[in-house]
Amino acid sequence: MSWDGWLAEQREARERAGLQRALRARSVDEDVIDLASNDYLGLSAHPEVRRATADAALAWGAGSGASRLVTGTTTAHGELEAELAGFTGRRSALVMSSGYHANLSAVTALADRDALIVSDAHVHASLIDAARLSRATIQVVPHNEVDAVRAALDQAGGRRALVLTESVYSVLGDAAPLPELAEICAERGALLLVDEAHGLGVVGDRGRGLVAGLGEAPQVVMTATLSKSLGAMGGAVLGSEALIDHLVNRARPFIFDTALAPAPVAGALAALRLLRERPELPRRVHGRASELADRLAVSRSAGAVLSVPMPSPQVALAAQAAALDAGVRVGCFRPPSVPDGVSRLRITTQAGIGDEPWEHAVEALTRVVEQHGGAP
């Protein structure tokens, strides 16, 4: 079969299954209540964040010019790394071009053929890809089952072991049992890597994330993104000075990637400072998430993400379209983006939306879910 024939066959199969995807551009002035984005705190458009981003672009230019180890590291990178580490209670931080790169860098620099990776069944695709690229032995354990992690580590046979989890999971919105996992890893000399992509800015004391609640915890490595609660773009790995030194020297996705531009670095730093000053923002997210979960009859989320099960991929797409017709944009998760194969509407509750638009969104989504047979 020719390549053209194969590509056409693949598309036809996706369309039959209701799994075909397409890019849809949005305009700057569209009149839609956006409950699909990950801008949980509404800081992306905050005047102080916009100004810091624009000022950095005017000062430094559009890009960073090179990788971090050449000339791509600026004073702005250092400021953000220091303040991120201080806010989350970590010793040190390393900023990268995306949260995906942060996970790739951490896992592939720490694990190799001689290591064991114990991975929760629901971790993000970036951690799955990183584990595969590391060439380590991988054992996938059932979601949030502490005993399964313990049993896997007990079979490590002297190998270096790395446990992968998220603080708050991006599909179901549930939290990992971090204290128990950290204790198990400490007892067995394993590292626990926690992806705080959906935790930073939303959960924990003043939005510091769940890792901060573990205290010093030298056996814990934290990754995060700057593109969700901090409203910018980029990612970071946080941990000990020795860990960061190792990544600077061994993490290929970091070493060979052009540095994150100064503009989003400055924007993320401004957002982080606003988060420190406004602890009511995470509280508002939680209040709205609980309200909407109760209205839709779904489980309450540990973070900002609500997951509404739908009967099929096709029905999920129809419900998403109906919500958009009502002026509300929501996400639509279909295989293979969902760990258990159940198509869902993915709704992100946000602090930056006014009370009146929020009430409209709640009413519209309640109608749409009822009409399309979603949730229980």
# chains A, B, ... in the order shown; residues from 1 in each chain; ligands from 1

$ residues_around --residues "Glu187 (chain A)" --least-positions-apart "5" --cutoff "12 Å" --atoms "only C-alpha atoms" --output "list in words"
Arg150, Leu153, Asp154, Glu180, Leu181, Ala182, Leu192, Ala217 and Gln219 of chain A

$ closest_atom_pairs --of "region 277-308 of chain A" --to "region 345-367 of chain A" --cutoff "8 Å" --atoms "only C-alpha atoms" --output "JSON lines"
{"residue": "A:Leu281", "atom": "CA", "partner": "A:Ala351", "partner_atom": "CA", "distance": 6.0}
{"residue": "A:Pro282", "atom": "CA", "partner": "A:Ala351", "partner_atom": "CA", "distance": 7.5}
{"residue": "A:Arg284", "atom": "CA", "partner": "A:Ala351", "partner_atom": "CA", "distance": 5.7}
{"residue": "A:Val285", "atom": "CA", "partner": "A:Ala351", "partner_atom": "CA", "distance": 5.2}
{"residue": "A:Arg288", "atom": "CA", "partner": "A:Thr349", "partner_atom": "CA", "distance": 6.3}
{"residue": "A:Ala289", "atom": "CA", "partner": "A:Thr349", "partner_atom": "CA", "distance": 5.6}
{"residue": "A:Leu292", "atom": "CA", "partner": "A:Val362", "partner_atom": "CA", "distance": 6.5}
{"residue": "A:Arg295", "atom": "CA", "partner": "A:Thr366", "partner_atom": "CA", "distance": 6.6}
{"residue": "A:Leu296", "atom": "CA", "partner": "A:Thr366", "partner_atom": "CA", "distance": 5.9}
{"residue": "A:Ala304", "atom": "CA", "partner": "A:Thr349", "partner_atom": "CA", "distance": 5.3}
{"residue": "A:Val305", "atom": "CA", "partner": "A:Thr348", "partner_atom": "CA", "distance": 4.7}
{"residue": "A:Leu306", "atom": "CA", "partner": "A:Ile347", "partner_atom": "CA", "distance": 5.1}
{"residue": "A:Ser307", "atom": "CA", "partner": "A:Arg346", "partner_atom": "CA", "distance": 4.9}
{"residue": "A:Val308", "atom": "CA", "partner": "A:Leu345", "partner_atom": "CA", "distance": 5.0}

$ closest_residue --among "A:Gly213, A:Gly267, A:Gly341, A:Gly99" --to "Ala125 (chain A)" --atoms "only C-alpha atoms"
A:Gly99

$ residues_around --residues "region 72-80 of chain A" --least-positions-apart "2" --cutoff "10 Å" --atoms "only C-alpha atoms" --output "PyMOL selection string"
chain A and resi 56+60+63-70+82-86+93-96+236+257-270+272-273

$ closest_residue --among "A:Ala190, A:Ala319, A:Ala121, A:Ala151" --to "Phe333 (chain A)" --atoms "only C-alpha atoms"
A:Ala319

$ residues_around --residues "Leu116 (chain A)" --least-positions-apart "4" --cutoff "7 Å" --atoms "only C-alpha atoms" --output "count of residues only"
8

$ select_by_dssp --residues "region 116-337 of chain A" --states "alpha helix (DSSP H)" --output "ChimeraX atom specification"
/A:125-134,146-154,178-188,241-250,252-255,262-277,280-296,313-325

$ select_by_dssp --residues "region 93-184 of chain A" --states "strand (DSSP E or B)" --output "VMD selection string"
chain A and resid 93 to 96 115 to 120 137 to 141 160 to 166 168 175

$ write_last_selection --atoms "N, CA and C atoms" --output "mmCIF file, in the first residue's frame"
data_model
loop_
_atom_site.group_PDB
_atom_site.id
_atom_site.type_symbol
_atom_site.label_atom_id
_atom_site.label_comp_id
_atom_site.auth_asym_id
_atom_site.auth_seq_id
_atom_site.Cartn_x
_atom_site.Cartn_y
_atom_site.Cartn_z
ATOM 1 N N ALA A 93 15.560 24.630 41.310
ATOM 2 C CA ALA A 93 14.639 24.433 40.183
ATOM 3 C C ALA A 93 15.378 24.655 38.876
ATOM 4 N N LEU A 94 14.857 24.073 37.809
ATOM 5 C CA LEU A 94 15.414 24.231 36.473
ATOM 6 C C LEU A 94 14.262 24.434 35.504
ATOM 7 N N VAL A 95 14.213 25.591 34.860
ATOM 8 C CA VAL A 95 13.129 25.939 33.938
ATOM 9 C C VAL A 95 13.433 25.408 32.543
ATOM 10 N N MET A 96 12.406 24.865 31.892
ATOM 11 C CA MET A 96 12.546 24.292 30.552
ATOM 12 C C MET A 96 11.466 24.841 29.635
ATOM 13 N N ALA A 115 17.717 0.516 35.601
ATOM 14 C CA ALA A 115 16.761 1.040 36.570
ATOM 15 C C ALA A 115 15.392 0.400 36.410
ATOM 16 N N LEU A 116 14.570 0.551 37.442
ATOM 17 C CA LEU A 116 13.179 0.112 37.430
ATOM 18 C C LEU A 116 12.292 1.346 37.559
ATOM 19 N N ILE A 117 11.320 1.462 36.671
ATOM 20 C CA ILE A 117 10.316 2.520 36.778
ATOM 21 C C ILE A 117 8.985 1.885 37.150
ATOM 22 N N VAL A 118 8.393 2.378 38.233
ATOM 23 C CA VAL A 118 7.070 1.944 38.662
ATOM 24 C C VAL A 118 6.120 3.094 38.359
ATOM 25 N N SER A 119 5.192 2.876 37.437
ATOM 26 C CA SER A 119 4.369 3.957 36.913
ATOM 27 C C SER A 119 2.890 3.722 37.189
ATOM 28 N N ASP A 120 2.234 4.730 37.764
ATOM 29 C CA ASP A 120 0.781 4.660 37.934
ATOM 30 C C ASP A 120 0.122 4.558 36.564
ATOM 31 N N THR A 137 13.384 -0.883 32.853
ATOM 32 C CA THR A 137 12.295 -1.835 33.039
ATOM 33 C C THR A 137 11.109 -1.078 33.609
ATOM 34 N N ILE A 138 9.937 -1.267 33.007
ATOM 35 C CA ILE A 138 8.752 -0.508 33.420
ATOM 36 C C ILE A 138 7.714 -1.461 33.982
ATOM 37 N N GLN A 139 7.206 -1.122 35.161
ATOM 38 C CA GLN A 139 6.081 -1.858 35.725
ATOM 39 C C GLN A 139 4.946 -0.872 35.975
ATOM 40 N N VAL A 140 3.839 -1.070 35.267
ATOM 41 C CA VAL A 140 2.663 -0.223 35.436
ATOM 42 C C VAL A 140 1.787 -0.823 36.522
ATOM 43 N N VAL A 141 1.414 0.003 37.491
ATOM 44 C CA VAL A 141 0.604 -0.486 38.608
ATOM 45 C C VAL A 141 -0.781 0.162 38.555
ATOM 46 N N ARG A 160 18.184 0.716 40.908
ATOM 47 C CA ARG A 160 17.659 2.039 41.213
ATOM 48 C C ARG A 160 16.199 2.078 40.768
ATOM 49 N N ALA A 161 15.348 2.642 41.610
ATOM 50 C CA ALA A 161 13.908 2.628 41.304
ATOM 51 C C ALA A 161 13.349 4.041 41.320
ATOM 52 N N LEU A 162 12.449 4.297 40.370
ATOM 53 C CA LEU A 162 11.803 5.594 40.218
ATOM 54 C C LEU A 162 10.299 5.365 40.113
ATOM 55 N N VAL A 163 9.536 5.995 40.991
ATOM 56 C CA VAL A 163 8.079 5.864 40.994
ATOM 57 C C VAL A 163 7.478 7.118 40.374
ATOM 58 N N LEU A 164 6.560 6.935 39.417
ATOM 59 C CA LEU A 164 5.951 8.059 38.701
ATOM 60 C C LEU A 164 4.491 8.228 39.101
ATOM 61 N N THR A 165 4.134 9.466 39.446
ATOM 62 C CA THR A 165 2.753 9.769 39.794
ATOM 63 C C THR A 165 2.463 11.225 39.461
ATOM 64 N N GLU A 166 1.216 11.601 39.525
ATOM 65 C CA GLU A 166 0.814 13.001 39.446
ATOM 66 C C GLU A 166 0.225 13.394 40.789
ATOM 67 N N VAL A 168 -2.311 15.760 41.192
ATOM 68 C CA VAL A 168 -3.728 15.757 40.823
ATOM 69 C C VAL A 168 -3.802 15.296 39.373
ATOM 70 N N ALA A 175 -6.643 12.995 43.519
ATOM 71 C CA ALA A 175 -5.301 13.234 44.049
ATOM 72 C C ALA A 175 -4.600 11.920 44.353
#

$ closest_residue --among "A:Val221, A:Gly18, A:Asp205, A:Ala8" --to "Val315 (chain A)" --atoms "only C-alpha atoms"
A:Gly18

$ residues_around --residues "Met222 (chain A)" --least-positions-apart "2" --cutoff "9 Å" --atoms "only C-alpha atoms" --output "list in words"
Arg90, Leu192, Leu193, Val194, Asp195, Glu196, Val211, Val220, Ala224, Ala236, Val237, Leu238 and Gly239 of chain A

$ write_last_selection --atoms "N, CA and C atoms" --output "compact mmCIF listing (two decimals), in the first residue's frame"
# COMPACT_ATOMS: atom_id res chain seq x y z
N ARG A 90 11.15 23.55 47.62
CA ARG A 90 12.22 22.72 47.07
C ARG A 90 13.55 23.47 47.16
N LEU A 192 10.67 9.32 44.19
CA LEU A 192 9.28 9.53 43.81
C LEU A 192 9.21 10.79 42.96
N LEU A 193 8.81 10.65 41.69
CA LEU A 193 8.66 11.79 40.81
C LEU A 193 7.18 12.16 40.74
N VAL A 194 6.87 13.39 41.15
CA VAL A 194 5.49 13.87 41.21
C VAL A 194 5.30 15.00 40.21
N ASP A 195 4.40 14.79 39.27
CA ASP A 195 4.06 15.83 38.30
C ASP A 195 2.97 16.71 38.91
N GLU A 196 3.31 17.96 39.20
CA GLU A 196 2.39 18.91 39.82
C GLU A 196 1.71 19.82 38.79
N VAL A 211 3.22 18.54 46.89
CA VAL A 211 4.58 18.16 47.27
C VAL A 211 5.07 19.02 48.43
N VAL A 220 11.93 13.02 46.92
CA VAL A 220 10.86 13.45 46.02
C VAL A 220 11.40 14.43 44.98
N ALA A 224 6.70 20.42 37.02
CA ALA A 224 5.55 21.33 36.94
C ALA A 224 5.53 21.98 35.57
N ALA A 236 9.20 23.04 34.53
CA ALA A 236 10.31 23.09 35.48
C ALA A 236 10.44 21.74 36.18
N VAL A 237 11.67 21.43 36.58
CA VAL A 237 11.96 20.31 37.48
C VAL A 237 12.51 20.91 38.76
N LEU A 238 12.04 20.42 39.89
CA LEU A 238 12.46 20.96 41.18
C LEU A 238 12.91 19.84 42.10
N GLY A 239 13.99 20.09 42.84
CA GLY A 239 14.53 19.10 43.76
C GLY A 239 15.82 19.58 44.37

$ residues_around --residues "Asn249 (chain A)" --least-positions-apart "6" --cutoff "12 Å" --atoms "only C-alpha atoms" --output "PyMOL selection string"
chain A and resi 68-69+94+105-106+109-110+242-243+255-256

$ write_last_selection --atoms "all heavy atoms" --output "short mmCIF file (atom, residue, chain, number, x, y, z; two decimals), in the first residue's frame"
data_model
loop_
_atom_site.label_atom_id
_atom_site.label_comp_id
_atom_site.auth_asym_id
_atom_site.auth_seq_id
_atom_site.Cartn_x
_atom_site.Cartn_y
_atom_site.Cartn_z
N ARG A 68 20.05 26.64 26.89
CA ARG A 68 20.38 27.20 28.20
C ARG A 68 21.89 27.17 28.46
O ARG A 68 22.43 28.06 29.13
CB ARG A 68 19.67 26.41 29.31
CG ARG A 68 18.17 26.58 29.40
CD ARG A 68 17.77 27.94 29.97
NE ARG A 68 18.37 28.26 31.23
CZ ARG A 68 17.85 27.98 32.43
NH1 ARG A 68 16.69 27.36 32.51
NH2 ARG A 68 18.46 28.35 33.54
N LEU A 69 22.58 26.15 27.96
CA LEU A 69 24.01 26.01 28.23
C LEU A 69 24.88 26.86 27.31
O LEU A 69 26.10 26.94 27.51
CB LEU A 69 24.43 24.54 28.11
CG LEU A 69 24.04 23.66 29.31
CD1 LEU A 69 24.26 22.20 28.99
CD2 LEU A 69 24.84 24.07 30.54
N LEU A 94 14.86 24.07 37.81
CA LEU A 94 15.41 24.23 36.47
C LEU A 94 14.26 24.43 35.50
O LEU A 94 13.41 23.56 35.34
CB LEU A 94 16.23 22.99 36.07
CG LEU A 94 17.02 23.09 34.77
CD1 LEU A 94 18.10 24.16 34.86
CD2 LEU A 94 17.65 21.73 34.44
N SER A 105 12.96 15.16 30.53
CA SER A 105 14.31 15.40 31.05
C SER A 105 14.55 14.65 32.35
O SER A 105 15.57 13.98 32.52
CB SER A 105 14.53 16.90 31.26
OG SER A 105 14.52 17.60 30.04
N ALA A 106 13.61 14.79 33.28
CA ALA A 106 13.80 14.18 34.59
C ALA A 106 13.89 12.66 34.51
O ALA A 106 14.80 12.04 35.07
CB ALA A 106 12.68 14.60 35.53
N ALA A 109 16.98 11.25 32.37
CA ALA A 109 18.28 11.50 32.99
C ALA A 109 18.48 10.67 34.24
O ALA A 109 19.62 10.43 34.66
CB ALA A 109 18.44 12.99 33.32
N LEU A 110 17.40 10.23 34.87
CA LEU A 110 17.50 9.48 36.12
C LEU A 110 17.41 7.97 35.92
O LEU A 110 17.95 7.20 36.73
CB LEU A 110 16.39 9.92 37.08
CG LEU A 110 16.50 11.34 37.62
CD1 LEU A 110 15.21 11.74 38.34
CD2 LEU A 110 17.70 11.47 38.55
N ALA A 242 21.90 18.70 43.83
CA ALA A 242 22.57 17.60 43.11
C ALA A 242 21.73 17.12 41.94
O ALA A 242 22.26 16.81 40.86
CB ALA A 242 22.87 16.45 44.07
N LEU A 243 20.41 17.05 42.14
CA LEU A 243 19.53 16.64 41.05
C LEU A 243 19.60 17.62 39.90
O LEU A 243 19.76 17.22 38.73
CB LEU A 243 18.09 16.55 41.55
CG LEU A 243 17.03 16.42 40.46
CD1 LEU A 243 17.05 15.01 39.87
CD2 LEU A 243 15.64 16.77 40.96
N ILE A 255 19.38 19.85 27.37
CA ILE A 255 20.66 20.29 26.81
C ILE A 255 20.53 20.73 25.36
O ILE A 255 21.09 21.75 24.95
CB ILE A 255 21.71 19.15 26.93
CG1 ILE A 255 22.03 18.89 28.40
CG2 ILE A 255 22.98 19.50 26.15
CD1 ILE A 255 22.83 17.61 28.62
N PHE A 256 19.73 19.99 24.57
CA PHE A 256 19.69 20.23 23.13
C PHE A 256 18.46 21.02 22.68
O PHE A 256 18.18 21.10 21.49
CB PHE A 256 19.78 18.90 22.39
CG PHE A 256 21.09 18.20 22.61
CD1 PHE A 256 21.17 17.11 23.46
CD2 PHE A 256 22.25 18.63 21.99
CE1 PHE A 256 22.38 16.46 23.68
CE2 PHE A 256 23.46 18.00 22.20
CZ PHE A 256 23.53 16.91 23.05
#

$ closest_residue --among "A:Glu291, A:Leu104, A:Gly234, A:Val203" --to "Arg252 (chain A)" --atoms "only C-alpha atoms"
A:Leu104

$ atom_distance --atom1 "CA of Pro218 (chain A)" --atom2 "CA of Val149 (chain A)"
18.8 Å

$ atom_distance --atom1 "CA of Leu214 (chain A)" --atom2 "CA of Pro179 (chain A)"
6.6 Å

$ residues_around --residues "His46 (chain A)" --least-positions-apart "4" --cutoff "10 Å" --atoms "only C-alpha atoms" --output "ChimeraX atom specification"
/A:41-42,50-51,231,267,270-271,274,352
